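File shown: run_21.cif (mmCIF, C-alpha atoms).
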```
data_target
#
loop_
_atom_site.label_atom_id
_atom_site.label_comp_id
_atom_site.auth_asym_id
_atom_site.auth_seq_id
_atom_site.Cartn_x
_atom_site.Cartn_y
_atom_site.Cartn_z
CA MET A 24 0.00 0.00 0.00
CA ALA A 25 1.47 3.35 -0.96
CA PRO A 26 1.68 5.65 2.03
CA ASN A 27 -0.96 8.32 2.10
CA THR A 28 1.01 11.51 2.42
CA GLN A 29 -2.08 13.58 3.26
CA SER A 30 -2.78 11.84 6.58
CA PRO A 31 -0.30 11.13 9.38
CA ALA A 32 -2.00 7.74 10.00
CA ARG A 33 0.42 4.86 9.43
CA LEU A 34 0.17 1.18 10.17
CA ILE A 35 3.37 -0.51 11.28
CA ALA A 36 3.34 -4.30 11.61
CA ILE A 37 5.86 -6.05 13.83
CA ASP A 38 6.13 -9.80 13.64
CA GLY A 39 8.40 -12.39 15.16
CA SER A 40 8.62 -15.93 16.42
CA ARG A 41 8.55 -15.06 20.14
CA GLY A 42 5.96 -12.94 21.92
CA ALA A 43 8.51 -11.29 24.22
CA ASP A 44 10.71 -10.21 21.29
CA VAL A 45 7.73 -8.77 19.40
CA ALA A 46 6.56 -6.84 22.47
CA LYS A 47 10.05 -5.53 23.18
CA SER A 48 10.61 -4.41 19.58
CA ALA A 49 7.23 -2.66 19.56
CA ASP A 50 8.07 -0.80 22.77
CA ARG A 51 11.46 0.26 21.45
CA LEU A 52 10.05 1.49 18.15
CA ALA A 53 7.26 3.35 19.94
CA ALA A 54 9.83 5.02 22.21
CA VAL A 55 11.93 6.14 19.23
CA LEU A 56 8.85 7.46 17.42
CA ARG A 57 7.68 9.35 20.50
CA LYS A 58 11.12 10.84 20.85
CA ARG A 59 10.72 12.15 17.31
CA GLY A 60 7.39 13.70 18.27
CA VAL A 61 5.14 11.10 16.65
CA ALA A 62 2.18 10.00 18.74
CA CYS A 63 1.66 6.27 18.38
CA VAL A 64 -0.35 3.44 19.89
CA ILE A 65 0.45 -0.25 20.14
CA SER A 66 -2.09 -2.97 19.36
CA ARG A 67 -1.08 -6.24 20.99
CA TRP A 68 -2.03 -9.89 20.72
CA ASP A 69 -5.20 -11.06 22.51
CA ALA A 70 -6.69 -7.63 22.97
CA SER A 71 -10.05 -9.36 22.54
CA GLY A 72 -9.34 -11.63 25.51
CA LEU A 73 -10.37 -14.69 23.48
CA PHE A 74 -7.18 -16.64 24.12
CA GLY A 75 -7.12 -15.67 27.78
CA GLU A 76 -10.73 -16.68 28.30
CA LEU A 77 -10.17 -19.99 26.51
CA ALA A 78 -7.29 -20.72 28.85
CA GLN A 79 -9.48 -19.97 31.84
CA THR A 80 -12.22 -22.42 30.89
CA GLY A 81 -10.43 -24.99 33.01
CA GLU A 82 -11.02 -27.71 30.44
CA ARG A 83 -8.07 -29.37 28.85
CA ILE A 84 -8.33 -27.54 25.56
CA ALA A 85 -8.20 -29.81 22.54
CA ALA A 86 -7.59 -27.43 19.68
CA SER A 87 -5.78 -27.99 16.41
CA PRO A 88 -3.44 -25.45 14.76
CA ARG A 89 -6.23 -24.66 12.27
CA THR A 90 -8.70 -23.92 15.06
CA LEU A 91 -6.18 -21.68 16.80
CA SER A 92 -5.48 -19.85 13.53
CA LEU A 93 -9.18 -19.08 13.30
CA VAL A 94 -9.13 -17.77 16.89
CA TYR A 95 -6.12 -15.60 15.93
CA ALA A 96 -8.09 -14.25 12.96
CA ALA A 97 -11.06 -13.46 15.24
CA ASP A 98 -8.72 -11.67 17.66
CA LEU A 99 -7.17 -9.71 14.80
CA ALA A 100 -10.65 -8.75 13.55
CA PHE A 101 -11.37 -7.41 17.05
CA ARG A 102 -8.08 -5.48 17.16
CA LEU A 103 -8.74 -4.01 13.73
CA ARG A 104 -12.17 -2.84 14.72
CA TRP A 105 -11.52 -1.46 18.18
CA GLU A 106 -7.87 -0.47 18.11
CA ILE A 107 -6.20 -0.28 14.71
CA ARG A 108 -8.86 1.24 12.45
CA THR A 109 -10.05 3.59 15.20
CA ALA A 110 -6.53 4.94 15.75
CA LEU A 111 -5.83 5.18 12.02
CA ALA A 112 -9.08 7.07 11.51
CA ALA A 113 -7.94 9.50 14.21
CA GLY A 114 -4.74 10.05 12.23
CA GLU A 115 -2.46 8.17 14.62
CA VAL A 116 0.46 5.88 13.97
CA VAL A 117 -0.42 2.32 15.00
CA ILE A 118 2.09 -0.41 15.78
CA ALA A 119 0.39 -3.80 15.40
CA ALA A 120 2.54 -6.28 17.26
CA PRO A 121 2.04 -9.01 16.17
CA TYR A 122 0.15 -8.73 12.91
CA VAL A 123 -0.48 -11.04 9.94
CA GLU A 124 2.98 -12.52 9.36
CA THR A 125 3.31 -14.09 12.82
CA ALA A 126 0.15 -16.14 12.30
CA VAL A 127 1.16 -17.06 8.76
CA ALA A 128 4.67 -18.14 9.74
CA PHE A 129 3.60 -20.01 12.86
CA GLY A 130 0.68 -21.71 11.08
CA THR A 131 2.96 -22.74 8.23
CA GLY A 132 5.40 -24.12 10.80
CA CYS A 133 2.55 -26.24 12.18
CA GLY A 134 1.86 -27.67 8.73
CA LEU A 135 -0.99 -25.47 7.53
CA PRO A 136 -0.98 -24.26 3.91
CA GLN A 137 0.41 -20.73 3.71
CA GLN A 138 -2.14 -19.76 1.08
CA TRP A 139 -5.01 -20.73 3.39
CA LEU A 140 -3.59 -18.55 6.16
CA ARG A 141 -3.07 -15.58 3.83
CA GLU A 142 -6.59 -15.87 2.43
CA LEU A 143 -8.05 -16.18 5.92
CA LEU A 144 -6.35 -12.98 7.05
CA ARG A 145 -6.94 -11.04 3.88
CA PHE A 146 -9.41 -8.75 5.66
CA ALA A 147 -6.44 -7.14 7.40
CA PRO A 148 -5.09 -4.10 5.52
CA GLN A 149 -1.50 -4.21 4.37
CA ALA A 150 0.88 -2.40 6.68
CA ASP A 151 2.73 0.72 5.51
CA VAL A 152 5.90 -0.43 7.24
CA GLN A 153 6.80 -3.95 8.28
CA GLY A 154 9.24 -4.76 11.04
CA LEU A 155 10.73 -8.09 12.01
CA ALA A 156 11.44 -8.38 15.71
CA ARG A 157 14.96 -9.05 16.86
CA GLU A 158 15.02 -12.80 17.47
CA ARG A 159 16.67 -13.74 20.74
CA LYS A 160 17.55 -17.13 22.19
CA LEU A 161 17.75 -18.61 18.72
CA GLY A 162 18.84 -22.04 19.88
CA ARG A 163 15.76 -22.47 22.05
CA THR A 164 12.23 -23.46 21.28
CA TRP A 165 9.09 -21.82 22.72
CA LYS A 166 8.45 -21.80 26.43
CA PRO A 167 4.91 -23.08 27.00
CA ARG A 168 3.25 -19.98 28.46
CA LEU A 169 -0.32 -18.81 28.14
CA ASP A 170 0.36 -15.11 28.66
CA ARG A 171 3.43 -14.33 26.55
CA GLY A 172 2.45 -14.47 22.89
CA TYR A 173 0.69 -16.53 20.25
CA PRO A 174 3.45 -19.11 19.60
CA GLU A 175 4.05 -19.61 23.34
CA TYR A 176 0.29 -19.98 23.93
CA CYS A 177 0.04 -22.63 21.23
CA ALA A 178 3.13 -24.34 22.63
CA ALA A 179 1.45 -24.48 26.03
CA LEU A 180 -1.63 -26.04 24.48
CA PHE A 181 0.32 -28.51 22.40
CA ALA A 182 2.74 -29.40 25.21
CA ARG A 183 0.80 -32.55 26.01
CA SER A 184 -0.94 -33.33 22.76
CA ALA A 185 1.77 -32.46 20.23
CA PRO A 186 5.16 -32.26 21.95
CA ARG A 187 6.85 -32.51 18.54
CA LEU A 188 5.98 -28.85 18.08
CA LEU A 189 8.19 -28.02 21.02
CA SER A 190 11.23 -29.64 19.49
CA LYS A 191 13.97 -27.36 18.17
CA LYS A 192 13.08 -27.70 14.48
CA PRO A 193 9.90 -25.62 14.03
CA ARG A 194 11.21 -22.29 15.35
CA PRO A 195 13.96 -21.89 12.73
CA ALA A 196 11.34 -22.77 10.09
CA VAL A 197 9.02 -20.07 11.46
CA ILE A 198 11.88 -17.52 11.43
CA ALA A 199 12.76 -18.53 7.86
CA THR A 200 9.15 -17.93 6.76
CA LEU A 201 9.15 -14.53 8.49
CA GLU A 202 12.37 -13.59 6.75
CA GLU A 203 10.85 -14.31 3.35
CA ALA A 204 9.38 -10.80 3.57
CA ARG A 205 11.48 -8.55 1.39
CA GLY A 206 11.11 -5.01 0.22
CA ARG A 207 11.87 -1.37 0.73
CA ARG A 208 9.51 -1.09 3.67
CA VAL A 209 10.61 -4.22 5.56
CA PHE A 210 13.01 -3.61 8.47
CA GLN A 211 14.94 -5.90 10.77
CA LEU A 212 14.35 -4.29 14.14
CA SER A 213 17.79 -4.91 15.51
CA GLY A 214 20.71 -2.48 15.80
CA THR A 215 20.06 0.46 13.53
CA GLY A 216 16.93 -1.19 12.11
CA ILE A 217 14.68 0.54 14.65
CA GLU A 218 16.05 3.96 13.71
CA LYS A 219 15.64 3.17 10.00
CA ALA A 220 12.05 2.01 10.51
CA ALA A 221 11.25 5.12 12.54
CA LYS A 222 12.85 7.27 9.85
CA SER A 223 10.80 5.61 7.17
CA VAL A 224 7.65 6.46 9.13
CA THR A 225 8.57 10.05 9.94
CA GLY A 226 10.00 10.61 6.49
CA THR A 227 6.61 10.08 4.87
CA LEU A 228 4.54 12.02 7.39
CA PRO A 229 3.15 15.33 6.18
CA ASP A 230 5.19 18.13 7.66
CA ALA A 231 2.91 20.82 9.02
CA SER A 232 5.77 23.29 9.40
CA SER A 233 6.78 23.35 5.73
CA PRO A 234 5.16 26.25 3.95
CA ARG A 235 2.80 25.28 1.17
CA SER A 236 3.24 26.86 -2.17
CA SER A 237 0.65 29.54 -2.69
CA ARG A 238 1.12 29.71 -6.41
CA PRO A 239 0.00 26.99 -8.77
CA ARG A 240 2.77 25.52 -10.89
CA THR A 241 1.12 26.44 -14.10
CA ALA A 242 -0.29 29.83 -14.75
CA ARG A 243 -4.04 29.99 -14.94
CA LYS A 244 -5.78 31.87 -17.59
CA MET B 30 -47.09 -35.28 27.62
CA ALA B 31 -43.82 -36.11 29.32
CA ARG B 32 -41.12 -33.59 28.55
CA LYS B 33 -37.85 -34.69 27.13
CA PRO B 34 -35.14 -34.28 29.79
CA ARG B 35 -32.92 -31.32 29.08
CA GLN B 36 -29.36 -31.87 28.02
CA PRO B 37 -27.06 -30.66 30.81
CA SER B 38 -25.63 -27.35 29.65
CA GLY B 39 -22.33 -27.50 27.85
CA LEU B 40 -22.76 -31.11 26.86
CA HIS B 41 -23.54 -32.49 23.46
CA PRO B 42 -25.08 -35.82 22.41
CA LEU B 43 -21.68 -36.83 21.02
CA GLY B 44 -19.85 -35.87 24.23
CA PHE B 45 -18.56 -32.66 22.66
CA VAL B 46 -17.43 -29.79 24.90
CA PRO B 47 -17.93 -26.50 23.04
CA LEU B 48 -14.74 -24.47 22.82
CA VAL B 49 -15.92 -20.95 22.09
CA LYS B 50 -19.67 -21.17 22.57
CA PRO B 51 -19.60 -19.62 26.08
CA LEU B 52 -17.34 -16.82 24.81
CA LEU B 53 -19.57 -16.26 21.83
CA LYS B 54 -22.66 -16.14 24.01
CA VAL B 55 -21.24 -13.38 26.20
CA ARG B 56 -20.12 -11.32 23.21
CA LYS B 57 -23.51 -11.71 21.54
CA LYS B 58 -25.19 -10.56 24.72
CA ILE B 59 -23.15 -7.38 24.93
CA ARG B 60 -23.40 -6.91 21.13
CA THR B 61 -19.74 -6.26 20.48
CA LEU B 62 -19.16 -8.57 17.53
CA SER B 63 -18.28 -7.26 14.10
CA THR B 64 -19.36 -9.21 11.02
CA GLU B 65 -15.92 -10.81 10.63
CA GLU B 66 -15.60 -11.70 14.31
CA TYR B 67 -19.10 -13.18 14.34
CA SER B 68 -18.29 -15.29 11.33
CA LEU B 69 -14.81 -16.33 12.52
CA LEU B 70 -15.96 -17.34 15.98
CA HIS B 71 -18.64 -19.53 14.43
CA ALA B 72 -15.96 -20.96 12.15
CA VAL B 73 -13.86 -21.79 15.25
CA ASP B 74 -16.85 -23.50 16.83
CA PHE B 75 -17.58 -25.43 13.64
CA ARG B 76 -13.97 -26.54 13.14
CA HIS B 77 -13.71 -27.70 16.74
CA ARG B 78 -17.04 -29.56 16.49
CA LEU B 79 -15.88 -31.18 13.26
CA GLU B 80 -12.53 -32.30 14.64
CA THR B 81 -13.58 -33.43 18.08
CA SER B 82 -17.10 -34.66 17.55
CA ILE B 83 -18.25 -35.24 13.96
CA LEU B 84 -15.15 -36.85 12.45
CA PRO B 85 -14.46 -39.19 15.41
CA ALA B 86 -18.10 -40.37 15.29
CA LEU B 87 -17.97 -40.94 11.53
CA TRP B 88 -14.63 -42.70 11.87
CA ALA B 89 -16.24 -45.01 14.45
CA GLY B 90 -18.88 -45.91 11.86
CA LYS B 91 -21.72 -43.85 13.33
CA THR B 92 -24.22 -41.76 11.41
CA VAL B 93 -24.10 -38.09 12.34
CA LEU B 94 -27.11 -35.83 12.07
CA ALA B 95 -25.84 -32.28 12.09
CA ASP B 96 -28.67 -29.96 13.00
CA ARG B 97 -27.23 -27.14 11.23
CA TYR B 98 -24.01 -27.60 9.41
CA LEU B 99 -21.70 -25.42 7.41
CA PHE B 100 -24.33 -24.10 5.00
CA THR B 101 -26.28 -22.27 7.70
CA ALA B 102 -23.16 -20.30 8.50
CA LEU B 103 -22.51 -19.64 4.82
CA ALA B 104 -26.05 -18.35 4.20
CA ARG B 105 -26.12 -16.25 7.39
CA ASP B 106 -22.67 -14.72 6.90
CA ALA B 107 -23.15 -14.10 3.16
CA ALA B 108 -26.42 -12.34 4.07
CA ARG B 109 -24.30 -10.14 6.36
CA GLY B 110 -22.31 -9.09 3.31
CA LEU B 111 -19.23 -11.30 3.56
CA GLU B 112 -17.84 -12.83 0.37
CA LEU B 113 -18.82 -16.45 -0.16
CA ASP B 114 -15.36 -17.17 -1.51
CA TRP B 115 -13.72 -15.99 1.74
CA LEU B 116 -16.26 -17.88 3.84
CA LEU B 117 -15.66 -21.15 1.99
CA HIS B 118 -11.97 -20.58 2.49
CA ALA B 119 -12.33 -19.98 6.23
CA TYR B 120 -14.28 -23.23 6.58
CA SER B 121 -11.96 -25.29 4.41
CA PRO B 122 -10.91 -28.07 4.19
CA LEU B 123 -14.54 -29.07 3.90
CA LEU B 124 -16.10 -32.32 4.96
CA TRP B 125 -18.90 -32.80 2.49
CA PRO B 126 -22.02 -34.36 3.97
CA ASP B 127 -23.56 -37.36 2.23
CA LEU B 128 -26.88 -35.57 2.17
CA VAL B 129 -27.92 -31.96 2.75
CA ILE B 130 -31.58 -31.49 3.56
CA TYR B 131 -32.81 -27.93 3.26
CA PHE B 132 -36.11 -27.19 4.98
CA SER B 133 -37.30 -24.36 2.81
CA MET B 134 -39.66 -21.68 3.98
CA THR B 135 -40.70 -18.29 2.70
CA PRO B 136 -39.35 -15.28 4.61
CA GLU B 137 -42.91 -14.33 5.53
CA ASP B 138 -43.63 -17.75 7.06
CA SER B 139 -40.38 -17.69 8.94
CA GLN B 140 -41.16 -14.26 10.34
CA ARG B 141 -44.71 -15.33 11.30
CA ARG B 142 -43.44 -18.44 13.06
CA ILE B 143 -40.85 -16.65 15.12
CA ALA B 144 -43.27 -13.84 16.00
CA SER B 145 -45.73 -16.37 17.39
CA THR B 146 -43.28 -17.63 19.99
CA ARG B 147 -40.73 -14.97 20.88
CA SER B 148 -38.86 -11.88 19.82
CA PRO B 149 -35.75 -12.65 17.75
CA ARG B 150 -32.41 -11.93 19.40
CA TYR B 151 -30.13 -9.10 18.24
CA TYR B 152 -27.83 -11.05 15.87
CA GLU B 153 -30.56 -13.51 14.89
CA ALA B 154 -32.61 -10.53 13.74
CA GLY B 155 -29.60 -9.12 11.87
CA GLN B 156 -29.91 -5.83 13.76
CA ASP B 157 -26.14 -5.46 13.61
CA ILE B 158 -26.38 -4.90 9.87
CA THR B 159 -29.90 -3.59 9.26
CA GLY B 160 -29.65 -0.99 12.02
CA ILE B 161 -33.40 -1.35 12.65
CA ASP B 162 -34.41 -1.01 16.30
CA ASP B 163 -37.47 -3.24 16.10
CA PRO B 164 -36.17 -6.86 16.22
CA LEU B 165 -39.11 -8.28 14.30
CA ALA B 166 -38.93 -5.69 11.51
CA SER B 167 -35.18 -6.25 11.28
CA TYR B 168 -35.68 -10.02 11.20
CA GLY B 169 -38.12 -9.60 8.31
CA ARG B 170 -35.53 -7.77 6.26
CA PHE B 171 -32.61 -9.98 7.27
CA ILE B 172 -34.34 -13.33 6.76
CA ASP B 173 -35.23 -12.26 3.24
CA ARG B 174 -31.49 -12.05 2.46
CA VAL B 175 -30.75 -15.30 4.29
CA VAL B 176 -33.39 -17.19 2.33
CA THR B 177 -32.03 -15.80 -0.94
CA GLU B 178 -28.53 -17.00 0.04
CA TYR B 179 -29.90 -20.42 1.02
CA GLU B 180 -31.62 -20.73 -2.34
CA ASN B 181 -28.44 -19.87 -4.19
CA LEU B 182 -26.47 -22.38 -2.11
CA ALA B 183 -29.17 -25.03 -2.70
CA VAL B 184 -28.54 -24.78 -6.44
CA VAL B 185 -24.74 -24.69 -6.21
CA PHE B 186 -24.36 -27.48 -3.65
CA LYS B 187 -27.36 -29.58 -4.75
CA PHE B 188 -29.37 -29.58 -1.52
CA VAL B 189 -32.44 -31.77 -1.28
CA THR B 190 -35.30 -29.40 -0.54
CA VAL B 191 -38.11 -30.29 1.84
CA ASP B 192 -41.07 -27.94 2.10
CA ALA B 193 -41.08 -26.83 5.75
CA GLY B 194 -44.64 -25.60 5.33
CA GLU B 195 -45.89 -29.20 5.00
CA ALA B 196 -47.30 -31.20 7.91
CA VAL B 197 -44.54 -32.52 10.20
CA TYR B 198 -45.60 -36.13 9.55
CA ARG B 199 -45.15 -35.69 5.79
CA GLN B 200 -41.77 -34.00 6.25
CA HIS B 201 -40.70 -36.79 8.56
CA THR B 202 -41.67 -39.51 6.06
CA GLN B 203 -39.87 -37.69 3.29
CA VAL B 204 -36.69 -37.30 5.35
CA ARG B 205 -36.67 -40.99 6.31
CA GLU B 206 -36.98 -41.96 2.66
CA LEU B 207 -34.23 -39.57 1.65
CA VAL B 208 -31.83 -40.89 4.28
CA LYS B 209 -32.60 -44.48 3.30
CA SER B 210 -31.98 -43.89 -0.38
CA THR B 211 -28.82 -41.77 -0.02
CA ASN B 212 -25.53 -43.26 -1.09
CA LYS B 213 -22.39 -42.55 0.88
CA ARG B 214 -20.06 -40.02 -0.69
CA PRO B 215 -16.62 -41.61 -0.78
CA TRP B 216 -14.22 -39.64 1.41
CA PRO B 217 -11.22 -39.94 -0.90
CA VAL B 218 -13.20 -38.20 -3.64
CA PHE B 219 -15.07 -35.51 -1.71
CA SER B 220 -13.34 -34.84 1.60
CA LYS B 221 -9.78 -36.10 1.23
CA ASP B 222 -8.06 -32.99 2.61
CA ALA B 223 -10.31 -32.68 5.67
CA VAL B 224 -9.98 -36.34 6.65
CA GLU B 225 -6.24 -36.51 5.99
CA GLU B 226 -5.59 -33.40 8.06
CA TRP B 227 -7.69 -34.76 10.91
CA LEU B 228 -5.84 -38.06 10.83
CA ARG B 229 -2.53 -36.21 11.00
CA THR B 230 -3.69 -34.32 14.10
CA PRO B 231 -2.40 -35.90 17.31
CA LYS B 232 -5.06 -38.03 19.02
CA ALA B 233 -5.19 -35.86 22.12
CA GLN B 234 -6.26 -32.89 20.02
CA ARG B 235 -9.06 -34.85 18.40
CA ALA B 236 -10.88 -35.91 21.53
#
```
Translate the structure of the given file into C-alpha cells.
Amino acid sequence: MAPNTQSPARLIAIDGSRGADVAKSADRLAAVLRKRGVACVISRWDASGLFGELAQTGERIAASPRTLSLVYAADLAFRLRWEIRTALAAGEVVIAAPYVETAVAFGTGCGLPQQWLRELLRFAPQADVQGLARERKLGRTWKPRLDRGYPEYCAALFARSAPRLLSKKPRPAVIATLEEARGRRVFQLSGTGIEKAAKSVTGTLPDASSPRSSRPRTARK
Amino acid sequence: MARKPRQPSGLHPLGFVPLVKPLLKVRKKIRTLSTEEYSLLHAVDFRHRLETSILPALWAGKTVLADRYLFTALARDAARGLELDWLLHAYSPLLWPDLVIYFSMTPEDSQRRIASTRSPRYYEAGQDITGIDDPLASYGRFIDRVVTEYENLAVVFKFVTVDAGEAVYRQHTQVRELVKSTNKRPWPVFSKDAVEEWLRTPKAQRA
C-alpha cells in the first residue's frame, strides 16, 4: 500500500517468532517514534481476551493449529475494529505487534498451507511499514506460556498433545518464513533497524511546518 | 405429555465440549461482535465440532445428524455481506455431507413463526447490519437475504429441498426416505483434505 502523504496515520506491523521479542521491539520502536514527536499506539495480541478466556475455561483444551489460527483471525478482527482502524481514523500511527505474518509463519510451521492462512487474514489491511522483531535465544524453542504471545500460547496447548511442536526444528522454520518478507519497507528491528524504521515512518509524514506553495505551478488563464 | 429431559448445559449428544460457545454467548449478549468476528468465531466453533465430535463419530462408523451444518453459517454470513469465496476458504478443508436437507420456507412464514413464539435476538434478527431497532422488523428484512442466500447455495451445492410448510408427519416420512436412499459419498473423492488433516492431528487434540 502506498503511504498516504495527506494523513499522518500509518500502520506498522511487527512480527516475530517469540511474543517477548515482538513486544520488546514494539516498545522500542514506539519510544523512538515518541522521541521524534510522533504519537503512536500499540495494538497487541489477545486484545479481545479470546485466548485468555479460553485458557481460563479450566477444560483441557483440545484445539488444532487450524482452530487456533481461526481464533487468531477473530482476535485480529477485534483489534482491527476497536484499536487499529479507530486509531488510524484519528490520524495516529499504529504499531500492530504481532500482525499477519506471525500467524502465517507459525501456522505454516505447524503444517498449515500458507495460502489458506493468507486468504483467511486477507481482511487485514497491508501495513505501511513492516518490522521483524529481533530474534533472541535462537537455539531455544518456545516456552509453553499462556500469557506471553501466540506461539508460546500454542506451545502451552500442544505441550501434552503435540510435543513434537516443542522440538527445536519448528522455530527456525518459522523464522525462515518470516524472513521471506522482502522489500523497501521491511526492516529488521535490531541495531540500527529501529532507527531506520522510525525514519521511514517520519519521512513520509506530512510536515505541518513546511510552507505550502501559494502559487500553482502552471499559470491559470 | 412427558417432557424430554434437558441436556445438561455444555454437553452435546456426542460428548462434545464446546470451545468458544460460552465466549460467543457473552459477546452476543453485549453486542460487540463485528461481522468478521461473528463469522470467525462460528468458524472456530464449527472446526472444533468437526474435529472433536463429527469426524471421530464418523470414523467409528456412526451416522451423524448435524442440526445445522456449514451451510447455515454460509447463508447467514453471506447475508451479512461477507464474500462467499472468503467464507468457503475460512471453513476449508470441507467435509462434504452425504446428504444436505434444506427445509425451505418463505421469509414471511419464517417471520410469522418466530413472532408467534418470541422476539428474535439481536444477531438472529440481523440488527447489527440492518440498524433497525425493532427486532421483528429487522428479522423480516434480514431473513429475506438469508433465504435468498440459502436458495443460491441449494442450487450450487445440490441440496435436497423439503417444504417446511408441509405437515410434520409428511416431512418426517420424506426425510426418512431420503436418508434411506442416499448413497455414501466416498471420502477420498469428496473430503480427502479434511480427513487426511484430521488423521494427521495428534489423538489428544481430536478428543
Tell me which of A:Thr125, A:Arg163, A:Leu103, A:Thr131 sits closest to Phe146 in chain A, counting all atoms listed in the file.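 Of the candidates, the smallest distance to Phe146 in chain A is held by A:Leu103.
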Using the chain letters and residue numbers of this document, give as an MDAnalysis selection string the residues selected by the PyMOL selection byres ((chain A) within 10 of (chain B)). chainID A and resid 72:74 76:77 80 82:101 104:105 134:135 138:140 142:146 180:181 183:187
Could you please take those selected residues and save C-alpha atoms as a short mmCIF file (atom, residue, chain, number, x, y, z; two decimals), in the frame of the given file?
```cif
data_model
loop_
_atom_site.label_atom_id
_atom_site.label_comp_id
_atom_site.auth_asym_id
_atom_site.auth_seq_id
_atom_site.Cartn_x
_atom_site.Cartn_y
_atom_site.Cartn_z
CA GLY A 72 -9.34 -11.63 25.51
CA LEU A 73 -10.37 -14.69 23.48
CA PHE A 74 -7.18 -16.64 24.12
CA GLU A 76 -10.73 -16.68 28.30
CA LEU A 77 -10.17 -19.99 26.51
CA THR A 80 -12.22 -22.42 30.89
CA GLU A 82 -11.02 -27.71 30.44
CA ARG A 83 -8.07 -29.37 28.85
CA ILE A 84 -8.33 -27.54 25.56
CA ALA A 85 -8.20 -29.81 22.54
CA ALA A 86 -7.59 -27.43 19.68
CA SER A 87 -5.78 -27.99 16.41
CA PRO A 88 -3.44 -25.45 14.76
CA ARG A 89 -6.23 -24.66 12.27
CA THR A 90 -8.70 -23.92 15.06
CA LEU A 91 -6.18 -21.68 16.80
CA SER A 92 -5.48 -19.85 13.53
CA LEU A 93 -9.18 -19.08 13.30
CA VAL A 94 -9.13 -17.77 16.89
CA TYR A 95 -6.12 -15.60 15.93
CA ALA A 96 -8.09 -14.25 12.96
CA ALA A 97 -11.06 -13.46 15.24
CA ASP A 98 -8.72 -11.67 17.66
CA LEU A 99 -7.17 -9.71 14.80
CA ALA A 100 -10.65 -8.75 13.55
CA PHE A 101 -11.37 -7.41 17.05
CA ARG A 104 -12.17 -2.84 14.72
CA TRP A 105 -11.52 -1.46 18.18
CA GLY A 134 1.86 -27.67 8.73
CA LEU A 135 -0.99 -25.47 7.53
CA GLN A 138 -2.14 -19.76 1.08
CA TRP A 139 -5.01 -20.73 3.39
CA LEU A 140 -3.59 -18.55 6.16
CA GLU A 142 -6.59 -15.87 2.43
CA LEU A 143 -8.05 -16.18 5.92
CA LEU A 144 -6.35 -12.98 7.05
CA ARG A 145 -6.94 -11.04 3.88
CA PHE A 146 -9.41 -8.75 5.66
CA LEU A 180 -1.63 -26.04 24.48
CA PHE A 181 0.32 -28.51 22.40
CA ARG A 183 0.80 -32.55 26.01
CA SER A 184 -0.94 -33.33 22.76
CA ALA A 185 1.77 -32.46 20.23
CA PRO A 186 5.16 -32.26 21.95
CA ARG A 187 6.85 -32.51 18.54
#
```
What's the separation between CA of Phe100 in chain B and CA of Val189 in chain B, in Å to one decimal place?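 So the answer is 12.8 Å.
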Which of A:Val152, A:Ala43, A:Ala110, A:Ile217 sits closest to Cys63 in chain A [using only C-alpha atoms]: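 Closest to Cys63 in chain A of all the choices is A:Ala110.
Interatomic distance, CA of Ile158 in chain B to CA of Arg109 in chain B: 6.6 Å.
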Closest of A:Ala78, A:Ile65, A:Cys177, A:Ala196 to Ala46 in chain A, counting only C-alpha atoms, is A:Ile65
Report as a ChimeraX atom specification the residues that result from applying the PyMOL selection byres ((chain B and resi 139-154) around 6) to the structure here. /B:136-138,155-156,164,167-169
With a distance cut-off of 9 Å and all atoms listed in the file, select the neighbouring residues of Thr135 in chain B, excluding the residue or stretch itself and same-chain residues fewer than 5 positions from it, and output the selection as a ChimeraX atom specification. /B:140,173,176,194
As a check of understanding, name the residues that the PyMOL selection byres ((chain B and resi 88) around 12) selects in the supplied structure, as a CSV table (one decimal) with C-alpha atoms, keeping the file's coordinate frame.
```
chain,number,residue,atom,x,y,z
B,79,LEU,CA,-15.9,-31.2,13.3
B,80,GLU,CA,-12.5,-32.3,14.6
B,81,THR,CA,-13.6,-33.4,18.1
B,82,SER,CA,-17.1,-34.7,17.6
B,83,ILE,CA,-18.2,-35.2,14.0
B,84,LEU,CA,-15.2,-36.8,12.4
B,85,PRO,CA,-14.5,-39.2,15.4
B,86,ALA,CA,-18.1,-40.4,15.3
B,87,LEU,CA,-18.0,-40.9,11.5
B,89,ALA,CA,-16.2,-45.0,14.4
B,90,GLY,CA,-18.9,-45.9,11.9
B,91,LYS,CA,-21.7,-43.8,13.3
B,92,THR,CA,-24.2,-41.8,11.4
B,93,VAL,CA,-24.1,-38.1,12.3
B,216,TRP,CA,-14.2,-39.6,1.4
B,224,VAL,CA,-10.0,-36.3,6.6
B,225,GLU,CA,-6.2,-36.5,6.0
B,227,TRP,CA,-7.7,-34.8,10.9
B,228,LEU,CA,-5.8,-38.1,10.8
B,235,ARG,CA,-9.1,-34.8,18.4
```
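Here CA of Pro167 in chain A is placed at a distance of 20.7 Å from CA of Tyr122 in chain A.
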Would you kindly return, as an mmCIF file with C-alpha atoms, keeping the file's coordinate frame, each protein, DNA or RNA residue with an atom no farther than 12 Å from any atom of Ser223 in chain A, considering all atoms listed in the file and excluding same-chain residues fewer than 2 positions away?
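The result, stored in part.cif:
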```cif
data_model
loop_
_atom_site.group_PDB
_atom_site.id
_atom_site.type_symbol
_atom_site.label_atom_id
_atom_site.label_comp_id
_atom_site.auth_asym_id
_atom_site.auth_seq_id
_atom_site.Cartn_x
_atom_site.Cartn_y
_atom_site.Cartn_z
ATOM 1 C CA PRO A 26 1.680 5.650 2.030
ATOM 2 C CA ARG A 33 0.420 4.860 9.430
ATOM 3 C CA LEU A 34 0.170 1.180 10.170
ATOM 4 C CA ILE A 35 3.370 -0.510 11.280
ATOM 5 C CA LEU A 52 10.050 1.490 18.150
ATOM 6 C CA LEU A 56 8.850 7.460 17.420
ATOM 7 C CA ASP A 151 2.730 0.720 5.510
ATOM 8 C CA VAL A 152 5.900 -0.430 7.240
ATOM 9 C CA GLN A 153 6.800 -3.950 8.280
ATOM 10 C CA GLY A 154 9.240 -4.760 11.040
ATOM 11 C CA ARG A 207 11.870 -1.370 0.730
ATOM 12 C CA ARG A 208 9.510 -1.090 3.670
ATOM 13 C CA VAL A 209 10.610 -4.220 5.560
ATOM 14 C CA PHE A 210 13.010 -3.610 8.470
ATOM 15 C CA GLY A 216 16.930 -1.190 12.110
ATOM 16 C CA ILE A 217 14.680 0.540 14.650
ATOM 17 C CA GLU A 218 16.050 3.960 13.710
ATOM 18 C CA LYS A 219 15.640 3.170 10.000
ATOM 19 C CA ALA A 220 12.050 2.010 10.510
ATOM 20 C CA ALA A 221 11.250 5.120 12.540
ATOM 21 C CA THR A 225 8.570 10.050 9.940
ATOM 22 C CA GLY A 226 10.000 10.610 6.490
ATOM 23 C CA THR A 227 6.610 10.080 4.870
ATOM 24 C CA LEU A 228 4.540 12.020 7.390
#
```
